[in-house]
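J.: Here you go, this is protein26.cif (mmCIF, C-alpha atoms).
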```cif
data_input
#
loop_
_atom_site.label_atom_id
_atom_site.label_comp_id
_atom_site.auth_asym_id
_atom_site.auth_seq_id
_atom_site.Cartn_x
_atom_site.Cartn_y
_atom_site.Cartn_z
CA MET A 14 0.00 0.00 0.00
CA THR A 15 1.36 3.46 -0.86
CA GLU A 16 1.37 6.16 1.79
CA PRO A 17 -1.06 8.96 0.96
CA SER A 18 0.59 12.37 0.64
CA LYS A 19 0.18 14.84 3.47
CA PRO A 20 -1.97 17.31 1.50
CA GLU A 21 -4.14 14.40 0.40
CA ILE A 22 -4.76 13.35 4.00
CA LEU A 23 -5.46 16.95 5.02
CA ARG A 24 -7.90 17.40 2.16
CA MET A 25 -9.74 14.20 3.07
CA ALA A 26 -9.95 15.10 6.73
CA ARG A 27 -11.15 18.67 6.11
CA ALA A 28 -13.82 17.27 3.81
CA PHE A 29 -14.69 14.73 6.50
CA ILE A 30 -15.25 17.48 9.08
CA GLU A 31 -16.99 19.91 6.74
CA ALA A 32 -19.46 17.25 5.67
CA ILE A 33 -20.67 16.78 9.26
CA PRO A 34 -23.68 19.05 9.86
CA HIS A 35 -23.35 18.86 13.63
CA ALA A 36 -19.63 19.73 13.56
CA ARG A 37 -20.42 22.78 11.39
CA GLU A 38 -23.19 23.79 13.77
CA LEU A 39 -20.68 23.88 16.64
CA GLY A 40 -18.06 25.77 14.64
CA MET A 41 -15.50 22.98 14.87
CA GLU A 42 -12.24 23.54 13.05
CA LEU A 43 -9.58 21.00 12.16
CA THR A 44 -6.30 22.67 13.08
CA GLU A 45 -3.74 19.84 12.95
CA LEU A 46 -3.47 16.60 11.11
CA GLY A 47 -0.95 13.81 10.89
CA PRO A 48 -1.03 10.11 10.14
CA GLY A 49 -3.62 8.79 12.59
CA MET A 50 -3.71 12.09 14.48
CA ALA A 51 -6.13 14.99 14.47
CA THR A 52 -6.73 18.14 16.49
CA ILE A 53 -10.10 19.88 16.40
CA VAL A 54 -10.98 23.15 18.12
CA MET A 55 -14.46 24.13 19.27
CA PRO A 56 -15.05 27.78 20.19
CA TYR A 57 -16.78 28.69 23.44
CA ASP A 58 -20.51 29.06 22.76
CA SER A 59 -23.15 30.13 25.30
CA ARG A 60 -25.65 27.70 23.72
CA LEU A 61 -23.51 24.82 24.98
CA ILE A 62 -23.53 25.80 28.65
CA GLY A 63 -24.40 22.99 31.05
CA ASP A 64 -24.33 24.95 34.28
CA PRO A 65 -25.92 28.39 33.98
CA ALA A 66 -24.58 29.44 37.40
CA THR A 67 -20.96 29.18 36.24
CA GLY A 68 -21.16 29.27 32.43
CA VAL A 69 -19.25 25.97 32.22
CA LEU A 70 -19.81 24.01 29.00
CA HIS A 71 -21.91 20.86 29.21
CA GLY A 72 -19.93 17.61 29.25
CA GLY A 73 -22.03 16.46 26.31
CA ALA A 74 -20.60 19.21 24.09
CA ILE A 75 -17.08 18.12 25.07
CA SER A 76 -18.07 14.51 24.21
CA VAL A 77 -19.18 15.61 20.75
CA LEU A 78 -15.83 17.33 20.17
CA MET A 79 -13.81 14.35 21.44
CA ASP A 80 -15.85 11.90 19.38
CA THR A 81 -15.37 13.98 16.24
CA ALA A 82 -11.61 14.33 16.76
CA SER A 83 -11.32 10.61 17.46
CA GLY A 84 -13.21 9.73 14.28
CA ALA A 85 -10.97 12.08 12.27
CA ALA A 86 -7.86 10.45 13.77
CA ALA A 87 -9.13 6.99 12.82
CA MET A 88 -9.98 8.19 9.30
CA SER A 89 -6.54 9.69 8.81
CA HIS A 90 -4.73 6.50 9.77
CA PRO A 91 -2.19 5.60 7.07
CA SER A 92 -4.06 2.35 6.41
CA GLN A 93 -6.75 4.54 4.80
CA PRO A 94 -10.06 3.19 6.06
CA LEU A 95 -13.07 4.12 3.94
CA SER A 96 -15.11 5.08 6.98
CA ALA A 97 -15.01 4.97 10.76
CA ALA A 98 -17.91 4.73 13.22
CA THR A 99 -17.74 4.87 17.00
CA LEU A 100 -18.11 1.48 18.66
CA ASP A 101 -17.55 2.75 22.18
CA LEU A 102 -16.05 5.75 23.90
CA ARG A 103 -15.12 6.29 27.51
CA ILE A 104 -14.44 9.79 28.76
CA ASP A 105 -13.01 10.87 32.13
CA TYR A 106 -13.80 14.46 33.05
CA MET A 107 -10.95 15.87 35.10
CA ARG A 108 -12.13 19.43 35.56
CA PRO A 109 -14.66 21.91 34.15
CA ALA A 110 -13.49 23.72 31.00
CA THR A 111 -12.86 27.39 31.80
CA PRO A 112 -15.82 29.50 30.63
CA GLY A 113 -15.01 31.72 27.67
CA GLN A 114 -12.17 29.55 26.36
CA ALA A 115 -12.16 27.34 23.27
CA VAL A 116 -11.73 23.61 23.83
CA ARG A 117 -9.20 21.64 21.81
CA ALA A 118 -9.35 17.87 21.35
CA ARG A 119 -6.20 16.07 20.21
CA ALA A 120 -6.82 12.47 19.16
CA GLU A 121 -4.45 9.71 18.20
CA CYS A 122 -5.40 6.46 16.54
CA HIS A 123 -2.60 4.42 18.10
CA HIS A 124 -3.49 0.99 16.79
CA VAL A 125 -5.59 -0.50 14.04
CA THR A 126 -6.63 -3.99 13.12
CA ARG A 127 -8.41 -4.85 9.89
CA SER A 128 -11.78 -3.85 11.32
CA VAL A 129 -11.14 -1.78 14.47
CA GLY A 130 -9.22 1.39 15.26
CA PHE A 131 -8.20 2.23 18.84
CA VAL A 132 -8.05 5.90 19.73
CA ARG A 133 -7.02 8.01 22.70
CA VAL A 134 -8.03 11.63 22.97
CA ILE A 135 -7.25 14.56 25.27
CA ALA A 136 -9.31 17.74 25.61
CA THR A 137 -7.73 20.94 26.91
CA ASP A 138 -8.57 24.61 27.21
CA ASP A 139 -5.95 27.41 27.33
CA ASP A 140 -4.21 25.72 30.26
CA GLU A 141 -2.81 22.83 28.27
CA ALA A 142 -0.89 21.35 31.19
CA ARG A 143 -4.13 20.42 32.94
CA PRO A 144 -6.43 18.40 30.66
CA VAL A 145 -10.17 18.97 30.88
CA ALA A 146 -11.00 15.41 29.81
CA MET A 147 -9.38 12.26 28.47
CA GLY A 148 -10.97 9.50 26.47
CA ASN A 149 -10.43 6.09 24.92
CA GLY A 150 -12.48 4.79 22.06
CA ALA A 151 -12.82 1.93 19.61
CA PHE A 152 -13.98 2.64 16.07
CA THR A 153 -15.26 0.21 13.46
CA LEU A 154 -13.31 0.62 10.24
CA GLU A 155 -14.68 -0.09 6.83
CA ARG A 156 -12.14 -1.11 4.22
CA GLN A 157 -11.99 -1.78 0.54
CA GLN A 158 -13.19 -5.32 -0.20
CA ARG A 159 -10.35 -7.77 -0.66
CA LYS A 160 -10.48 -10.39 -3.35
CA GLY A 161 -11.69 -13.84 -2.40
CA PRO A 162 -14.84 -15.11 -0.74
CA GLY A 163 -13.16 -15.70 2.62
CA GLU A 164 -13.10 -12.06 3.64
CA MET B 1170 -50.97 14.26 65.07
CA SER B 1171 -48.96 15.69 62.25
CA MET B 1172 -49.69 19.12 60.86
CA ARG B 1173 -49.75 17.88 57.26
CA PRO B 1174 -52.24 19.76 55.12
CA ARG B 1175 -55.01 17.93 53.28
CA PRO B 1176 -53.95 16.33 49.97
CA GLU B 1177 -54.06 18.83 47.14
CA PRO B 1178 -56.26 18.34 44.06
CA VAL B 1179 -54.50 16.21 41.43
CA GLN B 1180 -54.34 18.99 38.85
CA VAL B 1181 -52.52 21.24 41.30
CA VAL B 1182 -49.97 18.52 42.06
CA LYS B 1183 -49.49 17.75 38.37
CA ALA B 1184 -49.14 21.38 37.36
CA ARG B 1185 -46.53 21.95 40.04
CA ARG B 1186 -44.53 18.85 39.11
CA ASP B 1187 -44.63 19.67 35.42
CA ALA B 1188 -43.58 23.25 36.10
CA ALA B 1189 -40.70 22.06 38.27
CA LEU B 1190 -39.52 19.70 35.53
CA ALA B 1191 -39.77 22.39 32.85
CA TRP B 1192 -37.86 24.71 35.12
CA LEU B 1193 -35.11 22.12 35.69
CA SER B 1194 -34.62 21.00 32.09
CA GLY B 1195 -35.38 24.37 30.48
CA GLY B 1196 -32.80 26.10 32.67
CA ILE B 1197 -29.87 24.31 31.00
CA PRO B 1198 -28.87 26.03 27.74
CA TYR B 1199 -27.31 22.90 26.20
CA VAL B 1200 -30.52 20.91 26.79
CA ARG B 1201 -32.45 23.62 24.92
CA PHE B 1202 -29.82 23.68 22.15
CA LEU B 1203 -30.23 19.95 21.47
CA GLY B 1204 -34.03 20.36 21.77
CA ILE B 1205 -34.33 17.64 24.42
CA GLN B 1206 -37.74 17.38 26.11
CA PHE B 1207 -38.91 15.29 29.04
CA ASP B 1208 -42.08 13.29 29.37
CA ARG B 1209 -43.13 12.64 32.96
CA ARG B 1210 -45.24 9.80 34.34
CA GLY B 1211 -45.24 10.11 38.12
CA ASP B 1212 -41.57 10.39 38.96
CA GLU B 1213 -40.44 8.47 35.85
CA LEU B 1214 -38.87 10.51 33.08
CA THR B 1215 -38.45 9.71 29.41
CA ALA B 1216 -36.14 12.02 27.52
CA ILE B 1217 -37.04 12.82 23.93
CA LEU B 1218 -34.60 14.07 21.30
CA PRO B 1219 -36.71 15.30 18.39
CA TYR B 1220 -34.96 14.87 15.06
CA ALA B 1221 -33.25 17.94 13.59
CA ASP B 1222 -30.91 18.20 10.58
CA LYS B 1223 -28.24 19.85 12.71
CA LEU B 1224 -27.88 16.63 14.75
CA ILE B 1225 -26.57 14.62 11.81
CA GLY B 1226 -23.01 13.28 12.00
CA ASN B 1227 -22.87 11.22 8.83
CA PRO B 1228 -24.86 12.71 5.95
CA ALA B 1229 -24.17 9.72 3.68
CA ILE B 1230 -26.12 7.16 5.72
CA PRO B 1231 -27.60 9.52 7.19
CA ALA B 1232 -27.01 8.95 10.91
CA LEU B 1233 -27.14 10.99 14.09
CA HIS B 1234 -23.75 12.24 15.27
CA GLY B 1235 -22.35 9.72 17.77
CA GLY B 1236 -21.38 12.63 20.00
CA VAL B 1237 -24.99 13.86 19.97
CA THR B 1238 -26.11 10.41 21.07
CA SER B 1239 -23.53 10.49 23.89
CA ALA B 1240 -24.66 13.96 24.89
CA PHE B 1241 -28.30 12.86 24.86
CA LEU B 1242 -27.47 9.98 27.21
CA GLU B 1243 -25.43 12.20 29.49
CA VAL B 1244 -28.14 14.89 29.65
CA THR B 1245 -30.72 12.21 30.45
CA ALA B 1246 -28.53 10.86 33.27
CA ILE B 1247 -27.90 14.30 34.81
CA VAL B 1248 -31.48 15.57 34.57
CA SER B 1249 -32.96 12.27 35.80
CA LEU B 1250 -30.62 12.26 38.79
CA ALA B 1251 -31.25 15.93 39.59
CA TRP B 1252 -34.99 15.34 39.17
CA THR B 1253 -34.93 12.43 41.64
CA SER B 1254 -33.23 14.61 44.28
CA LEU B 1255 -35.52 17.54 43.57
CA TRP B 1256 -38.61 15.33 43.70
CA GLU B 1257 -37.71 14.04 47.16
CA GLU B 1258 -37.02 17.53 48.40
CA PHE B 1259 -40.29 19.05 47.38
CA GLU B 1260 -42.52 16.02 47.89
CA THR B 1261 -41.29 15.71 51.47
CA GLY B 1262 -41.67 19.45 51.98
CA ARG B 1263 -37.97 20.13 52.58
CA ILE B 1264 -38.09 22.84 49.96
CA ASP B 1265 -41.02 24.95 48.92
CA PRO B 1266 -41.84 24.26 45.26
CA GLN B 1267 -43.37 27.70 44.90
CA GLU B 1268 -40.05 29.24 45.84
CA LEU B 1269 -38.41 27.26 43.03
CA LEU B 1270 -40.93 28.39 40.49
CA ASP B 1271 -40.75 32.01 41.60
CA GLY B 1272 -37.40 32.42 39.96
CA ARG B 1273 -34.80 31.03 42.29
CA GLY B 1274 -31.73 29.81 40.38
CA LEU B 1275 -31.23 26.21 39.33
CA PRO B 1276 -29.95 23.88 42.04
CA SER B 1277 -26.35 22.73 41.75
CA LEU B 1278 -26.37 19.88 39.27
CA PRO B 1279 -24.55 16.55 39.58
CA ARG B 1280 -21.24 16.57 37.72
CA THR B 1281 -20.02 13.81 35.45
CA ILE B 1282 -16.90 12.01 36.67
CA ASP B 1283 -16.72 9.54 33.80
CA PHE B 1284 -18.95 8.33 31.08
CA THR B 1285 -18.88 5.22 28.88
CA VAL B 1286 -21.09 4.87 25.86
CA ASP B 1287 -21.64 1.81 23.68
CA PHE B 1288 -23.02 2.35 20.22
CA LEU B 1289 -25.14 -0.65 19.31
CA ARG B 1290 -26.51 0.60 16.00
CA SER B 1291 -26.32 3.84 14.10
CA GLY B 1292 -28.82 6.51 15.14
CA LEU B 1293 -31.49 6.89 12.48
CA PRO B 1294 -32.66 10.31 11.29
CA ARG B 1295 -35.73 10.32 13.54
CA ASP B 1296 -36.71 11.02 17.13
CA ALA B 1297 -34.81 9.23 19.88
CA TYR B 1298 -35.88 8.37 23.43
CA ALA B 1299 -33.91 7.60 26.56
CA ARG B 1300 -34.48 6.53 30.12
CA ALA B 1301 -32.06 6.48 33.01
CA ARG B 1302 -31.88 3.93 35.79
CA ILE B 1303 -30.22 5.18 38.92
CA LEU B 1304 -28.28 2.18 40.18
CA ARG B 1305 -26.93 3.85 43.24
CA THR B 1306 -27.05 7.29 44.71
CA GLY B 1307 -25.25 8.32 47.85
CA ARG B 1308 -24.22 11.58 49.43
CA ARG B 1309 -21.16 11.94 47.19
CA TYR B 1310 -21.45 9.61 44.20
CA ALA B 1311 -24.09 8.19 41.93
CA SER B 1312 -24.04 5.47 39.26
CA VAL B 1313 -26.54 5.74 36.45
CA LEU B 1314 -27.32 3.51 33.45
CA VAL B 1315 -28.97 5.10 30.45
CA GLU B 1316 -30.55 3.44 27.47
CA ALA B 1317 -31.61 5.10 24.22
CA TRP B 1318 -33.85 3.71 21.53
CA GLN B 1319 -35.76 4.88 18.49
CA ASP B 1320 -38.53 3.01 16.73
CA ASN B 1321 -38.33 -0.14 18.81
CA ARG B 1322 -38.01 -0.10 22.59
CA GLU B 1323 -36.53 -3.62 22.51
CA LYS B 1324 -33.69 -2.54 20.24
CA PRO B 1325 -31.65 0.14 22.02
CA PHE B 1326 -29.17 1.96 19.77
CA ALA B 1327 -26.93 3.24 22.56
CA LEU B 1328 -26.17 2.44 26.18
CA GLY B 1329 -24.42 4.71 28.63
CA SER B 1330 -22.91 4.14 32.05
CA VAL B 1331 -22.25 7.31 34.01
CA HIS B 1332 -20.59 8.06 37.35
CA LEU B 1333 -21.46 11.42 38.83
CA LEU B 1334 -20.42 13.57 41.74
CA MET B 1335 -23.42 14.75 43.73
CA PRO B 1336 -23.68 18.48 44.45
CA GLN B 1337 -22.50 19.20 47.97
CA PRO B 1338 -24.67 21.32 50.25
CA ALA B 1339 -23.29 24.81 50.81
CA GLY B 1340 -20.88 25.04 53.73
CA SER B 1341 -19.87 21.38 53.69
#
```
As a first step, turn the structure in this file into structure tokens.
T.:
Amino acid sequence: MTEPSKPEILRMARAFIEAIPHARELGMELTELGPGMATIVMPYDSRLIGDPATGVLHGGAISVLMDTASGAAAMSHPSQPLSAATLDLRIDYMRPATPGQAVRARAECHHVTRSVGFVRVIATDDDEARPVAMGNGAFTLERQQRKGPGE
Amino acid sequence: MSMRPRPEPVQVVKARRDAALAWLSGGIPYVRFLGIQFDRRGDELTAILPYADKLIGNPAIPALHGGVTSAFLEVTAIVSLAWTSLWEEFETGRIDPQELLDGRGLPSLPRTIDFTVDFLRSGLPRDAYARARILRTGRRYASVLVEAWQDNREKPFALGSVHLLMPQPAGS
């Protein structure tokens, strides 16, 4: 298998994000991409507040961001899956995201098998030394059909 | 003899409970953003996520965004848990429901410690429903299971398991 070129991967991943209505709705932007790695930023948005007393974003909005970044990381794996869908995702919330700050999710697809991609993801705000949340997920990968009836 | 007042007419009780629920769920901006509503039967809640185009994650299938499904489960867990605490407080008379409805701020909500979601099938482009089962609730921690389904109650499309930190009373 030939390695896809860097611009090719970037183009595919941008298209992947832009084609997601819910990612557009939240203003998500793909800021970094590497083989099996993706960083997506979500701006602070008062519609996403979970605790009106403090203005802290709802954990659900952070989940959406982490899920999207994880999917993008799986899609950009050098083994070039055709599509990736979340099988499961576990997220640990370490602290509330600081109100007013964008949240950044950096995901890495650290291992793939023929049909599954394993991803870890970290969400941070401006204080990058103290993560807001960390997650681990498994993604189903769809691949080009191989020849032969056994597959 | 206790000083309990006579039971109120059923419509008064219902109106107060419904208003309290609307106040709880409507007070959270993210719940309004996703359009999540709650159907109440006694103290049992069913969360409803009405379909909207903005909730789509994969336009090719099309399917709901997996993150939206996670968020729906998490919202259901938090609101159901907060509702259970609130219910006990006003049904036992520890807090005055009228005071709640007269514009006091939302109570402190439980906070998610960790959250695991299993995606069993892709979310179809239609309404989704979810119910939470509170497995354990203590003074500090709670464990909640949440199940979401669409057309067929027997075929859930996502399951969530949530651990939450209970809000601590002021001064503790």
J.: Kindly indicate which residue among A:Arg108, A:Arg24, A:Arg103, A:Arg117 lies nearest to chain B, using all atoms listed in the file for the distances.
T.: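 Of A:Arg108, A:Arg24, A:Arg103, A:Arg117, the one nearest chain B is A:Arg103, counting all atoms listed in the file.
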J.: Within 7 Å of chain B, which residues belong to chain A? Use all atoms listed in the file and report them as a PDB file with C-alpha atoms, in the frame of the given file.
T.:
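And here's iface.pdb as it stands now:
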```
ATOM      1  CA  ILE A  33     -20.670  16.780   9.260  1.00  0.00           C
ATOM      2  CA  PRO A  34     -23.680  19.050   9.860  1.00  0.00           C
ATOM      3  CA  HIS A  35     -23.350  18.860  13.630  1.00  0.00           C
ATOM      4  CA  GLU A  38     -23.190  23.790  13.770  1.00  0.00           C
ATOM      5  CA  ARG A  60     -25.650  27.700  23.720  1.00  0.00           C
ATOM      6  CA  LEU A  61     -23.510  24.820  24.980  1.00  0.00           C
ATOM      7  CA  ILE A  62     -23.530  25.800  28.650  1.00  0.00           C
ATOM      8  CA  GLY A  63     -24.400  22.990  31.050  1.00  0.00           C
ATOM      9  CA  ASP A  64     -24.330  24.950  34.280  1.00  0.00           C
ATOM     10  CA  PRO A  65     -25.920  28.390  33.980  1.00  0.00           C
ATOM     11  CA  HIS A  71     -21.910  20.860  29.210  1.00  0.00           C
ATOM     12  CA  GLY A  73     -22.030  16.460  26.310  1.00  0.00           C
ATOM     13  CA  ALA A  74     -20.600  19.210  24.090  1.00  0.00           C
ATOM     14  CA  SER A  76     -18.070  14.510  24.210  1.00  0.00           C
ATOM     15  CA  VAL A  77     -19.180  15.610  20.750  1.00  0.00           C
ATOM     16  CA  ASP A  80     -15.850  11.900  19.380  1.00  0.00           C
ATOM     17  CA  THR A  99     -17.740   4.870  17.000  1.00  0.00           C
ATOM     18  CA  LEU A 100     -18.110   1.480  18.660  1.00  0.00           C
ATOM     19  CA  ASP A 101     -17.550   2.750  22.180  1.00  0.00           C
ATOM     20  CA  LEU A 102     -16.050   5.750  23.900  1.00  0.00           C
ATOM     21  CA  ARG A 103     -15.120   6.290  27.510  1.00  0.00           C
ATOM     22  CA  ILE A 104     -14.440   9.790  28.760  1.00  0.00           C
ATOM     23  CA  ASP A 105     -13.010  10.870  32.130  1.00  0.00           C
ATOM     24  CA  TYR A 106     -13.800  14.460  33.050  1.00  0.00           C
TER      25      TYR A 106
END
```
J.: Skip segment 1204-1216 of chain B itself and residues of its chain fewer than 6 positions away, then list as a short mmCIF file (atom, residue, chain, number, x, y, z; two decimals) with C-alpha atoms, keeping the file's coordinate frame all residues within 10 Å of it, counting only C-alpha atoms.
T.:
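The file below, out_10.cif, is the result:
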```
data_model
loop_
_atom_site.label_atom_id
_atom_site.label_comp_id
_atom_site.auth_asym_id
_atom_site.auth_seq_id
_atom_site.Cartn_x
_atom_site.Cartn_y
_atom_site.Cartn_z
CA LYS B 1183 -49.49 17.75 38.37
CA ARG B 1186 -44.53 18.85 39.11
CA ASP B 1187 -44.63 19.67 35.42
CA LEU B 1190 -39.52 19.70 35.53
CA ALA B 1191 -39.77 22.39 32.85
CA SER B 1194 -34.62 21.00 32.09
CA GLY B 1195 -35.38 24.37 30.48
CA PRO B 1198 -28.87 26.03 27.74
CA PHE B 1241 -28.30 12.86 24.86
CA LEU B 1242 -27.47 9.98 27.21
CA VAL B 1244 -28.14 14.89 29.65
CA THR B 1245 -30.72 12.21 30.45
CA ALA B 1246 -28.53 10.86 33.27
CA VAL B 1248 -31.48 15.57 34.57
CA SER B 1249 -32.96 12.27 35.80
CA TRP B 1252 -34.99 15.34 39.17
CA THR B 1253 -34.93 12.43 41.64
CA TRP B 1256 -38.61 15.33 43.70
CA GLU B 1257 -37.71 14.04 47.16
CA ALA B 1297 -34.81 9.23 19.88
CA TYR B 1298 -35.88 8.37 23.43
CA ALA B 1299 -33.91 7.60 26.56
CA ARG B 1300 -34.48 6.53 30.12
CA ALA B 1301 -32.06 6.48 33.01
CA ARG B 1302 -31.88 3.93 35.79
CA ALA B 1317 -31.61 5.10 24.22
#
```
J.: I would like the residues chosen by the PyMOL selection byres ((chain B and resi 1220) around 6) on the shown file; could you give them as a PyMOL selection string?
T.: chain B and resi 1219+1221+1295-1296
J.: Of the candidates B:Val1182, B:Leu1333, B:Leu1255, B:Leu1293, which one gets nearest to Thr1306 of chain B if we count all atoms listed in the file?
T.: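 Ranking B:Val1182, B:Leu1333, B:Leu1255, B:Leu1293 by distance to Thr1306 of chain B, first place goes to B:Leu1333.
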J.: Would you pick out the contacts of Val134 of chain A at 7 Å or less, using all atoms listed in the file, so that residues sharing its chain but fewer than 6 positions from it are not included, and give the list as number ranges by chain?
T.: A: 79, 83, 118-121, 147-149
J.: At what distance in Å, to one decimal, does atom CA of Ile135 of chain A lie from atom CA of Ser89 of chain A?
T.: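 The value is 17.2 Å.
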J.: Hey, what comes out of the PyMOL selection byres ((chain A and resi 44) around 10) on this file? Could you write it as a list in words?
T.: Leu23, Arg27, Met41, Glu42, Leu43, Glu45, Leu46, Ala51, Thr52, Ile53, Val54, Arg117 and Arg119 of chain A
J.: Report the distance between atom CA of Gln93 of chain A and atom CA of Leu154 of chain A in Å, rounded to one decimal place.
T.: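 So the two atoms, atom CA of Gln93 of chain A and atom CA of Leu154 of chain A, lie 9.4 Å apart.
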J.: Please compute the atom CA of Thr137 of chain A-atom CA of Pro1338 of chain B distance, one decimal, in Å.
T.: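 Separation between atom CA of Thr137 of chain A and atom CA of Pro1338 of chain B: 28.8 Å.
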J.: Just say which residues the PyMOL selection byres ((chain A and resi 56) around 8) picks in this file, as an mmCIF file with C-alpha atoms, keeping the file's coordinate frame.
T.:
```
data_model
loop_
_atom_site.group_PDB
_atom_site.id
_atom_site.type_symbol
_atom_site.label_atom_id
_atom_site.label_comp_id
_atom_site.auth_asym_id
_atom_site.auth_seq_id
_atom_site.Cartn_x
_atom_site.Cartn_y
_atom_site.Cartn_z
ATOM 1 C CA LEU A 39 -20.680 23.880 16.640
ATOM 2 C CA GLY A 40 -18.060 25.770 14.640
ATOM 3 C CA MET A 41 -15.500 22.980 14.870
ATOM 4 C CA VAL A 54 -10.980 23.150 18.120
ATOM 5 C CA MET A 55 -14.460 24.130 19.270
ATOM 6 C CA TYR A 57 -16.780 28.690 23.440
ATOM 7 C CA ASP A 58 -20.510 29.060 22.760
ATOM 8 C CA GLN A 114 -12.170 29.550 26.360
ATOM 9 C CA ALA A 115 -12.160 27.340 23.270
ATOM 10 C CA VAL A 116 -11.730 23.610 23.830
#
```
J.: Place a sphere of radius 8 Å on (-25.9, 13.1, 50.3) in the file coordinates and name every protein, DNA or RNA residue with an atom inside or on its surface, counting only C-alpha atoms; give the answer as a list in words.
T.: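 So the residues meeting the distance criterion are Gly1307, Arg1308, Arg1309, Met1335 and Gln1337 of chain B.
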J.: Only C-alpha atoms, please: the residues just picked out, written as a short mmCIF file (atom, residue, chain, number, x, y, z; two decimals), in the frame of the given file.
T.:
```
data_model
loop_
_atom_site.label_atom_id
_atom_site.label_comp_id
_atom_site.auth_asym_id
_atom_site.auth_seq_id
_atom_site.Cartn_x
_atom_site.Cartn_y
_atom_site.Cartn_z
CA GLY B 1307 -25.25 8.32 47.85
CA ARG B 1308 -24.22 11.58 49.43
CA ARG B 1309 -21.16 11.94 47.19
CA MET B 1335 -23.42 14.75 43.73
CA GLN B 1337 -22.50 19.20 47.97
#
```
J.: Ranking A:Gln157, A:Arg133, A:Leu95, A:Met107 by minimum distance to Leu1334 of chain B and counting all atoms listed in the file, which one comes first?
T.: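 When distances to Leu1334 of chain B are compared using all atoms listed in the file, the smallest one comes from A:Met107.
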J.: As a ChimeraX atom specification, please: the residues near Asp140 of chain A (cut-off 10 Å, all atoms listed in the file, same-chain neighbours under 3 positions excluded).
T.: /A:110-111,114,137,143-145
